[in-house]
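Participant: Contents of input16.pdb (PDB, N, CA and C atoms) are given next:
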```
ATOM      1  N   MET A1005       9.196  71.295 -48.486
ATOM      2  CA  MET A1005       8.910  69.942 -48.913
ATOM      3  C   MET A1005       9.308  68.994 -47.792
ATOM      4  N   THR A1006       8.425  68.095 -47.432
ATOM      5  CA  THR A1006       8.732  67.151 -46.363
ATOM      6  C   THR A1006       9.666  66.060 -46.870
ATOM      7  N   ALA A1007      10.276  65.380 -45.938
ATOM      8  CA  ALA A1007      11.213  64.318 -46.307
ATOM      9  C   ALA A1007      10.503  63.186 -47.020
ATOM     10  N   VAL A1008       9.297  62.867 -46.581
ATOM     11  CA  VAL A1008       8.570  61.756 -47.199
ATOM     12  C   VAL A1008       8.240  62.092 -48.650
ATOM     13  N   ARG A1009       7.826  63.329 -48.890
ATOM     14  CA  ARG A1009       7.512  63.725 -50.261
ATOM     15  C   ARG A1009       8.767  63.706 -51.131
ATOM     16  N   ALA A1010       9.865  64.210 -50.610
ATOM     17  CA  ALA A1010      11.125  64.200 -51.356
ATOM     18  C   ALA A1010      11.573  62.779 -51.656
ATOM     19  N   LEU A1011      11.398  61.883 -50.690
ATOM     20  CA  LEU A1011      11.790  60.492 -50.918
ATOM     21  C   LEU A1011      10.885  59.817 -51.940
ATOM     22  N   ARG A1012       9.608  60.161 -51.937
ATOM     23  CA  ARG A1012       8.699  59.576 -52.934
ATOM     24  C   ARG A1012       9.089  60.006 -54.338
ATOM     25  N   ILE A1013       9.469  61.263 -54.481
ATOM     26  CA  ILE A1013       9.900  61.743 -55.789
ATOM     27  C   ILE A1013      11.216  61.073 -56.185
ATOM     28  N   ALA A1014      12.132  60.994 -55.245
ATOM     29  CA  ALA A1014      13.439  60.408 -55.536
ATOM     30  C   ALA A1014      13.389  58.887 -55.637
ATOM     31  N   ALA A1015      12.292  58.283 -55.225
ATOM     32  CA  ALA A1015      12.179  56.829 -55.335
ATOM     33  C   ALA A1015      12.050  56.397 -56.788
ATOM     34  N   ALA A1016      12.078  57.355 -57.705
ATOM     35  CA  ALA A1016      12.149  57.035 -59.132
ATOM     36  C   ALA A1016      13.461  56.319 -59.435
ATOM     37  N   GLU A1017      14.317  56.265 -58.447
ATOM     38  CA  GLU A1017      15.575  55.529 -58.567
ATOM     39  C   GLU A1017      15.301  54.076 -58.947
ATOM     40  N   ALA A1018      14.308  53.470 -58.337
ATOM     41  CA  ALA A1018      13.974  52.073 -58.636
ATOM     42  C   ALA A1018      13.444  51.937 -60.061
ATOM     43  N   VAL A1019      12.646  52.894 -60.488
ATOM     44  CA  VAL A1019      12.105  52.867 -61.849
ATOM     45  C   VAL A1019      13.229  53.040 -62.862
ATOM     46  N   SER A1020      14.140  53.971 -62.595
ATOM     47  CA  SER A1020      15.247  54.185 -63.524
ATOM     48  C   SER A1020      16.152  52.957 -63.597
ATOM     49  N   LEU A1021      16.334  52.271 -62.488
ATOM     50  CA  LEU A1021      17.124  51.039 -62.505
ATOM     51  C   LEU A1021      16.431  49.971 -63.345
ATOM     52  N   ALA A1022      15.115  49.869 -63.210
ATOM     53  CA  ALA A1022      14.363  48.899 -64.005
ATOM     54  C   ALA A1022      14.476  49.210 -65.496
ATOM     55  N   VAL A1023      14.417  50.488 -65.845
ATOM     56  CA  VAL A1023      14.562  50.878 -67.257
ATOM     57  C   VAL A1023      15.954  50.531 -67.769
ATOM     58  N   LEU A1024      16.973  50.812 -66.967
ATOM     59  CA  LEU A1024      18.344  50.488 -67.371
ATOM     60  C   LEU A1024      18.542  48.987 -67.567
ATOM     61  N   LEU A1025      18.016  48.197 -66.646
ATOM     62  CA  LEU A1025      18.169  46.742 -66.767
ATOM     63  C   LEU A1025      17.370  46.183 -67.938
ATOM     64  N   ALA A1026      16.155  46.710 -68.156
ATOM     65  CA  ALA A1026      15.351  46.262 -69.294
ATOM     66  C   ALA A1026      16.046  46.618 -70.604
ATOM     67  N   ASN A1027      16.644  47.783 -70.663
ATOM     68  CA  ASN A1027      17.385  48.174 -71.858
ATOM     69  C   ASN A1027      18.589  47.263 -72.070
ATOM     70  N   LEU A1028      19.222  46.882 -71.002
ATOM     71  CA  LEU A1028      20.413  46.039 -71.091
ATOM     72  C   LEU A1028      20.092  44.651 -71.640
ATOM     73  N   VAL A1029      18.984  44.066 -71.191
ATOM     74  CA  VAL A1029      18.666  42.697 -71.624
ATOM     75  C   VAL A1029      17.860  42.647 -72.920
ATOM     76  N   THR A1030      17.424  43.791 -73.437
ATOM     77  CA  THR A1030      16.655  43.774 -74.689
ATOM     78  C   THR A1030      17.470  44.413 -75.809
ATOM     79  N   VAL A1031      17.185  45.654 -76.134
ATOM     80  CA  VAL A1031      17.779  46.279 -77.314
ATOM     81  C   VAL A1031      19.134  46.927 -77.067
ATOM     82  N   HIS A1032      19.442  47.249 -75.843
ATOM     83  CA  HIS A1032      20.697  47.887 -75.445
ATOM     84  C   HIS A1032      20.986  49.126 -76.283
ATOM     85  N   THR A1033      20.028  50.041 -76.304
ATOM     86  CA  THR A1033      20.175  51.306 -77.006
ATOM     87  C   THR A1033      21.024  52.251 -76.168
ATOM     88  N   GLU A1034      22.084  52.755 -76.783
ATOM     89  CA  GLU A1034      22.997  53.619 -76.037
ATOM     90  C   GLU A1034      22.350  54.941 -75.646
ATOM     91  N   ALA A1035      21.397  55.419 -76.432
ATOM     92  CA  ALA A1035      20.723  56.680 -76.110
ATOM     93  C   ALA A1035      19.935  56.559 -74.802
ATOM     94  N   ILE A1036      19.311  55.417 -74.589
ATOM     95  CA  ILE A1036      18.567  55.203 -73.344
ATOM     96  C   ILE A1036      19.529  55.144 -72.169
ATOM     97  N   SER A1037      20.622  54.442 -72.354
ATOM     98  CA  SER A1037      21.615  54.341 -71.277
ATOM     99  C   SER A1037      22.208  55.693 -70.922
ATOM    100  N   SER A1038      22.506  56.490 -71.931
ATOM    101  CA  SER A1038      23.132  57.779 -71.651
ATOM    102  C   SER A1038      22.146  58.790 -71.079
ATOM    103  N   LEU A1039      20.858  58.577 -71.267
ATOM    104  CA  LEU A1039      19.856  59.467 -70.697
ATOM    105  C   LEU A1039      19.448  59.024 -69.290
ATOM    106  N   VAL A1040      19.173  57.741 -69.119
ATOM    107  CA  VAL A1040      18.643  57.239 -67.856
ATOM    108  C   VAL A1040      19.750  56.984 -66.826
ATOM    109  N   GLY A1041      20.960  56.718 -67.276
ATOM    110  CA  GLY A1041      22.069  56.468 -66.350
ATOM    111  C   GLY A1041      22.336  57.618 -65.401
ATOM    112  N   PRO A1042      22.546  58.828 -65.926
ATOM    113  CA  PRO A1042      22.739  59.970 -65.023
ATOM    114  C   PRO A1042      21.503  60.285 -64.183
ATOM    115  N   LEU A1043      20.326  60.051 -64.733
ATOM    116  CA  LEU A1043      19.100  60.256 -63.967
ATOM    117  C   LEU A1043      19.060  59.305 -62.769
ATOM    118  N   HIS A1044      19.448  58.069 -63.001
ATOM    119  CA  HIS A1044      19.486  57.083 -61.919
ATOM    120  C   HIS A1044      20.505  57.484 -60.848
ATOM    121  N   GLY A1045      21.679  57.917 -61.278
ATOM    122  CA  GLY A1045      22.704  58.333 -60.322
ATOM    123  C   GLY A1045      22.278  59.541 -59.502
ATOM    124  N   THR A1046      21.639  60.483 -60.159
ATOM    125  CA  THR A1046      21.156  61.670 -59.457
ATOM    126  C   THR A1046      20.065  61.313 -58.460
ATOM    127  N   ALA A1047      19.151  60.426 -58.862
ATOM    128  CA  ALA A1047      18.083  60.001 -57.952
ATOM    129  C   ALA A1047      18.671  59.260 -56.751
ATOM    130  N   TYR A1048      19.692  58.456 -56.971
ATOM    131  CA  TYR A1048      20.351  57.727 -55.889
ATOM    132  C   TYR A1048      20.951  58.704 -54.875
ATOM    133  N   LEU A1049      21.662  59.705 -55.373
ATOM    134  CA  LEU A1049      22.260  60.693 -54.477
ATOM    135  C   LEU A1049      21.202  61.544 -53.790
ATOM    136  N   ALA A1050      20.109  61.829 -54.480
ATOM    137  CA  ALA A1050      19.025  62.614 -53.882
ATOM    138  C   ALA A1050      18.361  61.852 -52.739
ATOM    139  N   VAL A1051      18.199  60.555 -52.897
ATOM    140  CA  VAL A1051      17.622  59.736 -51.826
ATOM    141  C   VAL A1051      18.516  59.778 -50.595
ATOM    142  N   ILE A1052      19.800  59.615 -50.800
ATOM    143  CA  ILE A1052      20.736  59.628 -49.677
ATOM    144  C   ILE A1052      20.732  60.992 -48.989
ATOM    145  N   ALA A1053      20.801  62.060 -49.776
ATOM    146  CA  ALA A1053      20.822  63.412 -49.204
ATOM    147  C   ALA A1053      19.532  63.726 -48.460
ATOM    148  N   ALA A1054      18.387  63.388 -49.062
ATOM    149  CA  ALA A1054      17.102  63.674 -48.416
ATOM    150  C   ALA A1054      16.959  62.901 -47.112
ATOM    151  N   THR A1055      17.480  61.698 -47.083
ATOM    152  CA  THR A1055      17.369  60.875 -45.881
ATOM    153  C   THR A1055      18.294  61.365 -44.771
ATOM    154  N   TRP A1056      19.528  61.645 -45.106
ATOM    155  CA  TRP A1056      20.506  62.006 -44.086
ATOM    156  C   TRP A1056      20.354  63.431 -43.579
ATOM    157  N   LEU A1057      19.731  64.311 -44.357
ATOM    158  CA  LEU A1057      19.631  65.713 -43.949
ATOM    159  C   LEU A1057      18.313  66.070 -43.277
ATOM    160  N   THR A1058      17.403  65.124 -43.153
ATOM    161  CA  THR A1058      16.092  65.419 -42.600
ATOM    162  C   THR A1058      15.930  64.743 -41.244
ATOM    163  N   PRO A1059      15.548  65.505 -40.209
ATOM    164  CA  PRO A1059      15.389  64.919 -38.877
ATOM    165  C   PRO A1059      14.244  63.908 -38.796
ATOM    166  N   GLU A1060      13.270  63.986 -39.700
ATOM    167  CA  GLU A1060      12.140  63.044 -39.678
ATOM    168  C   GLU A1060      12.577  61.609 -39.937
ATOM    169  N   THR A1061      13.725  61.449 -40.557
ATOM    170  CA  THR A1061      14.190  60.107 -40.898
ATOM    171  C   THR A1061      15.181  59.563 -39.881
ATOM    172  N   ALA A1062      15.154  60.090 -38.671
ATOM    173  CA  ALA A1062      16.074  59.637 -37.636
ATOM    174  C   ALA A1062      15.618  58.336 -36.983
ATOM    175  N   VAL A1063      14.680  57.636 -37.592
ATOM    176  CA  VAL A1063      14.225  56.336 -37.113
ATOM    177  C   VAL A1063      15.403  55.369 -37.220
ATOM    178  N   PRO A1064      15.626  54.531 -36.216
ATOM    179  CA  PRO A1064      16.772  53.616 -36.273
ATOM    180  C   PRO A1064      16.762  52.750 -37.540
ATOM    181  N   GLY A1065      17.860  52.795 -38.248
ATOM    182  CA  GLY A1065      18.033  51.970 -39.438
ATOM    183  C   GLY A1065      17.572  52.609 -40.729
ATOM    184  N   ALA A1066      16.838  53.701 -40.681
ATOM    185  CA  ALA A1066      16.303  54.316 -41.905
ATOM    186  C   ALA A1066      17.405  54.921 -42.757
ATOM    187  N   ARG A1067      18.327  55.586 -42.115
ATOM    188  CA  ARG A1067      19.376  56.264 -42.881
ATOM    189  C   ARG A1067      20.302  55.283 -43.580
ATOM    190  N   TRP A1068      20.598  54.177 -42.956
ATOM    191  CA  TRP A1068      21.485  53.202 -43.594
ATOM    192  C   TRP A1068      20.786  52.463 -44.719
ATOM    193  N   ARG A1069      19.472  52.367 -44.656
ATOM    194  CA  ARG A1069      18.735  51.729 -45.750
ATOM    195  C   ARG A1069      18.788  52.568 -47.021
ATOM    196  N   SER A1070      18.960  53.869 -46.868
ATOM    197  CA  SER A1070      18.954  54.745 -48.039
ATOM    198  C   SER A1070      20.146  54.517 -48.964
ATOM    199  N   VAL A1071      21.214  53.942 -48.475
ATOM    200  CA  VAL A1071      22.399  53.753 -49.311
ATOM    201  C   VAL A1071      22.371  52.451 -50.104
ATOM    202  N   VAL A1072      21.316  51.676 -49.990
ATOM    203  CA  VAL A1072      21.185  50.455 -50.779
ATOM    204  C   VAL A1072      20.884  50.863 -52.226
ATOM    205  N   PRO A1073      21.739  50.506 -53.169
ATOM    206  CA  PRO A1073      21.518  50.927 -54.552
ATOM    207  C   PRO A1073      20.231  50.334 -55.137
ATOM    208  N   GLY A1074      19.517  51.168 -55.855
ATOM    209  CA  GLY A1074      18.326  50.709 -56.557
ATOM    210  C   GLY A1074      17.037  50.826 -55.779
ATOM    211  N   ILE A1075      17.016  50.307 -54.569
ATOM    212  CA  ILE A1075      15.769  50.295 -53.803
ATOM    213  C   ILE A1075      15.888  50.988 -52.456
ATOM    214  N   GLY A1076      16.942  51.750 -52.263
ATOM    215  CA  GLY A1076      17.164  52.415 -50.982
ATOM    216  C   GLY A1076      16.055  53.377 -50.608
ATOM    217  N   GLY A1077      15.541  54.121 -51.580
ATOM    218  CA  GLY A1077      14.453  55.060 -51.301
ATOM    219  C   GLY A1077      13.198  54.353 -50.868
ATOM    220  N   LEU A1078      12.887  53.249 -51.512
ATOM    221  CA  LEU A1078      11.701  52.488 -51.156
ATOM    222  C   LEU A1078      11.835  51.853 -49.773
ATOM    223  N   LEU A1079      13.033  51.333 -49.469
ATOM    224  CA  LEU A1079      13.264  50.753 -48.148
ATOM    225  C   LEU A1079      13.163  51.813 -47.043
ATOM    226  N   THR A1080      13.681  52.991 -47.319
ATOM    227  CA  THR A1080      13.627  54.076 -46.340
ATOM    228  C   THR A1080      12.178  54.523 -46.120
ATOM    229  N   LEU A1081      11.423  54.671 -47.198
ATOM    230  CA  LEU A1081      10.014  55.050 -47.064
ATOM    231  C   LEU A1081       9.240  54.037 -46.242
ATOM    232  N   ARG A1082       9.536  52.777 -46.486
ATOM    233  CA  ARG A1082       8.840  51.723 -45.731
ATOM    234  C   ARG A1082       9.212  51.779 -44.249
ATOM    235  N   ARG A1083      10.469  52.077 -43.973
ATOM    236  CA  ARG A1083      10.937  52.114 -42.580
ATOM    237  C   ARG A1083      10.342  53.296 -41.807
ATOM    238  N   ILE A1084      10.277  54.466 -42.438
ATOM    239  CA  ILE A1084       9.779  55.635 -41.715
ATOM    240  C   ILE A1084       8.267  55.740 -41.775
ATOM    241  N   GLY A1085       7.643  55.001 -42.689
ATOM    242  CA  GLY A1085       6.181  55.068 -42.823
ATOM    243  C   GLY A1085       5.540  54.140 -41.899
TER     244      GLY A1085
END
```
Take the structure from the file and write it as structure tokens.
Facilitator:
Amino acid sequence: MTAVRALRIAAAEAVSLAVLLANLVTVHTEAISSLVGPLHGTAYLAVIAATWLTPETAVPGARWRSVVPGIGGLLTLRRIG
């Protein structure tokens, strides 16, 4: 699997953050929080790992963009693309 493909899959981090925030400002269902919260954390760590462990992402500034919470995967994809 290429780094770009892995980052696209892990960029669900932004979607999971949007779901968490929408849940917070609307119904605040604990079941949604307990399901999507760990998914968001895992996606965040996957973005960082995929970025730092792949030589294709050695573009200046790409690796540090990956640690931005919520949109790091999208920023990294934009930088290397």
Participant: Which of these, A:Ala1062, A:Ala1035, A:Leu1057, A:Ala1014, has the shortest distance to Gly1076 in chain A once you count all atoms listed in the file?
Facilitator: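 With all atoms listed in the file as the atom set, the closest residue is A:Ala1014.
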Participant: List the neighbours of Thr1046 in chain A out to 9 Å using only C-alpha atoms; skip same-chain residues closer than 5 positions along the sequence, and give me the result as an MDAnalysis selection string.
Facilitator: chainID A and resid 1014 1017 1041 1051
Participant: Can you tell me which residues surround range 1063-1072 of chain A at a distance of at most 6.5 Å, considering only N, CA and C atoms, apart from same-chain residues fewer than 6 positions away, and format the answer as JSON, numbers by chain?
Facilitator: {"A": [1051, 1052, 1055, 1056, 1079, 1080, 1083, 1084]}
Participant: DSSP says helix (DSSP H, G or I) for which residues of chain A? Put them as a CSV table (one decimal) with N, CA and C atoms, in the coordinates of the input?
Facilitator:
```
chain,number,residue,atom,x,y,z
A,1007,ALA,N,10.3,65.4,-45.9
A,1007,ALA,CA,11.2,64.3,-46.3
A,1007,ALA,C,10.5,63.2,-47.0
A,1008,VAL,N,9.3,62.9,-46.6
A,1008,VAL,CA,8.6,61.8,-47.2
A,1008,VAL,C,8.2,62.1,-48.6
A,1009,ARG,N,7.8,63.3,-48.9
A,1009,ARG,CA,7.5,63.7,-50.3
A,1009,ARG,C,8.8,63.7,-51.1
A,1010,ALA,N,9.9,64.2,-50.6
A,1010,ALA,CA,11.1,64.2,-51.4
A,1010,ALA,C,11.6,62.8,-51.7
A,1011,LEU,N,11.4,61.9,-50.7
A,1011,LEU,CA,11.8,60.5,-50.9
A,1011,LEU,C,10.9,59.8,-51.9
A,1012,ARG,N,9.6,60.2,-51.9
A,1012,ARG,CA,8.7,59.6,-52.9
A,1012,ARG,C,9.1,60.0,-54.3
A,1013,ILE,N,9.5,61.3,-54.5
A,1013,ILE,CA,9.9,61.7,-55.8
A,1013,ILE,C,11.2,61.1,-56.2
A,1014,ALA,N,12.1,61.0,-55.2
A,1014,ALA,CA,13.4,60.4,-55.5
A,1014,ALA,C,13.4,58.9,-55.6
A,1016,ALA,N,12.1,57.4,-57.7
A,1016,ALA,CA,12.1,57.0,-59.1
A,1016,ALA,C,13.5,56.3,-59.4
A,1017,GLU,N,14.3,56.3,-58.4
A,1017,GLU,CA,15.6,55.5,-58.6
A,1017,GLU,C,15.3,54.1,-58.9
A,1018,ALA,N,14.3,53.5,-58.3
A,1018,ALA,CA,14.0,52.1,-58.6
A,1018,ALA,C,13.4,51.9,-60.1
A,1019,VAL,N,12.6,52.9,-60.5
A,1019,VAL,CA,12.1,52.9,-61.8
A,1019,VAL,C,13.2,53.0,-62.9
A,1020,SER,N,14.1,54.0,-62.6
A,1020,SER,CA,15.2,54.2,-63.5
A,1020,SER,C,16.2,53.0,-63.6
A,1021,LEU,N,16.3,52.3,-62.5
A,1021,LEU,CA,17.1,51.0,-62.5
A,1021,LEU,C,16.4,50.0,-63.3
A,1022,ALA,N,15.1,49.9,-63.2
A,1022,ALA,CA,14.4,48.9,-64.0
A,1022,ALA,C,14.5,49.2,-65.5
A,1023,VAL,N,14.4,50.5,-65.8
A,1023,VAL,CA,14.6,50.9,-67.3
A,1023,VAL,C,16.0,50.5,-67.8
A,1024,LEU,N,17.0,50.8,-67.0
A,1024,LEU,CA,18.3,50.5,-67.4
A,1024,LEU,C,18.5,49.0,-67.6
A,1025,LEU,N,18.0,48.2,-66.6
A,1025,LEU,CA,18.2,46.7,-66.8
A,1025,LEU,C,17.4,46.2,-67.9
A,1026,ALA,N,16.2,46.7,-68.2
A,1026,ALA,CA,15.4,46.3,-69.3
A,1026,ALA,C,16.0,46.6,-70.6
A,1027,ASN,N,16.6,47.8,-70.7
A,1027,ASN,CA,17.4,48.2,-71.9
A,1027,ASN,C,18.6,47.3,-72.1
A,1028,LEU,N,19.2,46.9,-71.0
A,1028,LEU,CA,20.4,46.0,-71.1
A,1028,LEU,C,20.1,44.7,-71.6
A,1029,VAL,N,19.0,44.1,-71.2
A,1029,VAL,CA,18.7,42.7,-71.6
A,1029,VAL,C,17.9,42.6,-72.9
A,1034,GLU,N,22.1,52.8,-76.8
A,1034,GLU,CA,23.0,53.6,-76.0
A,1034,GLU,C,22.4,54.9,-75.6
A,1035,ALA,N,21.4,55.4,-76.4
A,1035,ALA,CA,20.7,56.7,-76.1
A,1035,ALA,C,19.9,56.6,-74.8
A,1036,ILE,N,19.3,55.4,-74.6
A,1036,ILE,CA,18.6,55.2,-73.3
A,1036,ILE,C,19.5,55.1,-72.2
A,1037,SER,N,20.6,54.4,-72.4
A,1037,SER,CA,21.6,54.3,-71.3
A,1037,SER,C,22.2,55.7,-70.9
A,1038,SER,N,22.5,56.5,-71.9
A,1038,SER,CA,23.1,57.8,-71.7
A,1038,SER,C,22.1,58.8,-71.1
A,1039,LEU,N,20.9,58.6,-71.3
A,1039,LEU,CA,19.9,59.5,-70.7
A,1039,LEU,C,19.4,59.0,-69.3
A,1040,VAL,N,19.2,57.7,-69.1
A,1040,VAL,CA,18.6,57.2,-67.9
A,1040,VAL,C,19.8,57.0,-66.8
A,1041,GLY,N,21.0,56.7,-67.3
A,1041,GLY,CA,22.1,56.5,-66.4
A,1041,GLY,C,22.3,57.6,-65.4
A,1042,PRO,N,22.5,58.8,-65.9
A,1042,PRO,CA,22.7,60.0,-65.0
A,1042,PRO,C,21.5,60.3,-64.2
A,1043,LEU,N,20.3,60.1,-64.7
A,1043,LEU,CA,19.1,60.3,-64.0
A,1043,LEU,C,19.1,59.3,-62.8
A,1044,HIS,N,19.4,58.1,-63.0
A,1044,HIS,CA,19.5,57.1,-61.9
A,1044,HIS,C,20.5,57.5,-60.8
A,1045,GLY,N,21.7,57.9,-61.3
A,1045,GLY,CA,22.7,58.3,-60.3
A,1045,GLY,C,22.3,59.5,-59.5
A,1046,THR,N,21.6,60.5,-60.2
A,1046,THR,CA,21.2,61.7,-59.5
A,1046,THR,C,20.1,61.3,-58.5
A,1047,ALA,N,19.2,60.4,-58.9
A,1047,ALA,CA,18.1,60.0,-58.0
A,1047,ALA,C,18.7,59.3,-56.8
A,1048,TYR,N,19.7,58.5,-57.0
A,1048,TYR,CA,20.4,57.7,-55.9
A,1048,TYR,C,21.0,58.7,-54.9
A,1049,LEU,N,21.7,59.7,-55.4
A,1049,LEU,CA,22.3,60.7,-54.5
A,1049,LEU,C,21.2,61.5,-53.8
A,1050,ALA,N,20.1,61.8,-54.5
A,1050,ALA,CA,19.0,62.6,-53.9
A,1050,ALA,C,18.4,61.9,-52.7
A,1051,VAL,N,18.2,60.6,-52.9
A,1051,VAL,CA,17.6,59.7,-51.8
A,1051,VAL,C,18.5,59.8,-50.6
A,1052,ILE,N,19.8,59.6,-50.8
A,1052,ILE,CA,20.7,59.6,-49.7
A,1052,ILE,C,20.7,61.0,-49.0
A,1053,ALA,N,20.8,62.1,-49.8
A,1053,ALA,CA,20.8,63.4,-49.2
A,1053,ALA,C,19.5,63.7,-48.5
A,1054,ALA,N,18.4,63.4,-49.1
A,1054,ALA,CA,17.1,63.7,-48.4
A,1054,ALA,C,17.0,62.9,-47.1
A,1055,THR,N,17.5,61.7,-47.1
A,1055,THR,CA,17.4,60.9,-45.9
A,1055,THR,C,18.3,61.4,-44.8
A,1056,TRP,N,19.5,61.6,-45.1
A,1056,TRP,CA,20.5,62.0,-44.1
A,1056,TRP,C,20.4,63.4,-43.6
A,1059,PRO,N,15.5,65.5,-40.2
A,1059,PRO,CA,15.4,64.9,-38.9
A,1059,PRO,C,14.2,63.9,-38.8
A,1060,GLU,N,13.3,64.0,-39.7
A,1060,GLU,CA,12.1,63.0,-39.7
A,1060,GLU,C,12.6,61.6,-39.9
A,1061,THR,N,13.7,61.4,-40.6
A,1061,THR,CA,14.2,60.1,-40.9
A,1061,THR,C,15.2,59.6,-39.9
A,1066,ALA,N,16.8,53.7,-40.7
A,1066,ALA,CA,16.3,54.3,-41.9
A,1066,ALA,C,17.4,54.9,-42.8
A,1067,ARG,N,18.3,55.6,-42.1
A,1067,ARG,CA,19.4,56.3,-42.9
A,1067,ARG,C,20.3,55.3,-43.6
A,1068,TRP,N,20.6,54.2,-43.0
A,1068,TRP,CA,21.5,53.2,-43.6
A,1068,TRP,C,20.8,52.5,-44.7
A,1069,ARG,N,19.5,52.4,-44.7
A,1069,ARG,CA,18.7,51.7,-45.8
A,1069,ARG,C,18.8,52.6,-47.0
A,1076,GLY,N,16.9,51.8,-52.3
A,1076,GLY,CA,17.2,52.4,-51.0
A,1076,GLY,C,16.1,53.4,-50.6
A,1077,GLY,N,15.5,54.1,-51.6
A,1077,GLY,CA,14.5,55.1,-51.3
A,1077,GLY,C,13.2,54.4,-50.9
A,1078,LEU,N,12.9,53.2,-51.5
A,1078,LEU,CA,11.7,52.5,-51.2
A,1078,LEU,C,11.8,51.9,-49.8
A,1079,LEU,N,13.0,51.3,-49.5
A,1079,LEU,CA,13.3,50.8,-48.1
A,1079,LEU,C,13.2,51.8,-47.0
A,1080,THR,N,13.7,53.0,-47.3
A,1080,THR,CA,13.6,54.1,-46.3
A,1080,THR,C,12.2,54.5,-46.1
A,1081,LEU,N,11.4,54.7,-47.2
A,1081,LEU,CA,10.0,55.0,-47.1
A,1081,LEU,C,9.2,54.0,-46.2
A,1082,ARG,N,9.5,52.8,-46.5
A,1082,ARG,CA,8.8,51.7,-45.7
A,1082,ARG,C,9.2,51.8,-44.2
A,1083,ARG,N,10.5,52.1,-44.0
A,1083,ARG,CA,10.9,52.1,-42.6
A,1083,ARG,C,10.3,53.3,-41.8
A,1084,ILE,N,10.3,54.5,-42.4
A,1084,ILE,CA,9.8,55.6,-41.7
A,1084,ILE,C,8.3,55.7,-41.8
```
Participant: Please measure the separation of atom C of Val1019 in chain A and atom C of Pro1073 in chain A, giving the value in Å to one decimal.
Facilitator: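 If I compute the distance from atom C of Val1019 in chain A to atom C of Pro1073 in chain A, I get 10.8 Å.
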Participant: Could you check how far CA of Gly1074 in chain A sits from CA of His1032 in chain A, in Å to one decimal?
Facilitator: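 So the answer is 19.2 Å.
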Participant: Will you model all heavy atoms for range 1026-1030 of chain A and pass it back as an mmCIF file, in the frame of the given file?
Facilitator:
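Result file is selection.cif:
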```
data_model
loop_
_atom_site.group_PDB
_atom_site.id
_atom_site.type_symbol
_atom_site.label_atom_id
_atom_site.label_comp_id
_atom_site.auth_asym_id
_atom_site.auth_seq_id
_atom_site.Cartn_x
_atom_site.Cartn_y
_atom_site.Cartn_z
ATOM 1 N N ALA A 1026 16.155 46.710 -68.156
ATOM 2 C CA ALA A 1026 15.351 46.262 -69.294
ATOM 3 C C ALA A 1026 16.046 46.618 -70.604
ATOM 4 O O ALA A 1026 16.044 45.816 -71.552
ATOM 5 C CB ALA A 1026 13.965 46.896 -69.234
ATOM 6 N N ASN A 1027 16.644 47.783 -70.663
ATOM 7 C CA ASN A 1027 17.385 48.174 -71.858
ATOM 8 C C ASN A 1027 18.589 47.263 -72.070
ATOM 9 O O ASN A 1027 18.905 46.895 -73.197
ATOM 10 C CB ASN A 1027 17.834 49.631 -71.739
ATOM 11 C CG ASN A 1027 18.595 50.096 -72.954
ATOM 12 O OD1 ASN A 1027 18.193 49.861 -74.087
ATOM 13 N ND2 ASN A 1027 19.706 50.770 -72.727
ATOM 14 N N LEU A 1028 19.222 46.882 -71.002
ATOM 15 C CA LEU A 1028 20.413 46.039 -71.091
ATOM 16 C C LEU A 1028 20.092 44.651 -71.640
ATOM 17 O O LEU A 1028 20.833 44.122 -72.470
ATOM 18 C CB LEU A 1028 21.080 45.922 -69.721
ATOM 19 C CG LEU A 1028 22.371 45.131 -69.651
ATOM 20 C CD1 LEU A 1028 23.458 45.813 -70.468
ATOM 21 C CD2 LEU A 1028 22.819 44.995 -68.214
ATOM 22 N N VAL A 1029 18.984 44.066 -71.191
ATOM 23 C CA VAL A 1029 18.666 42.697 -71.624
ATOM 24 C C VAL A 1029 17.860 42.647 -72.920
ATOM 25 O O VAL A 1029 17.648 41.561 -73.456
ATOM 26 C CB VAL A 1029 17.912 41.915 -70.523
ATOM 27 C CG1 VAL A 1029 18.760 41.770 -69.289
ATOM 28 C CG2 VAL A 1029 16.590 42.546 -70.204
ATOM 29 N N THR A 1030 17.424 43.791 -73.437
ATOM 30 C CA THR A 1030 16.655 43.774 -74.689
ATOM 31 C C THR A 1030 17.470 44.413 -75.809
ATOM 32 O O THR A 1030 18.351 43.784 -76.356
ATOM 33 C CB THR A 1030 15.295 44.481 -74.517
ATOM 34 O OG1 THR A 1030 15.510 45.826 -74.082
ATOM 35 C CG2 THR A 1030 14.418 43.744 -73.517
#
```
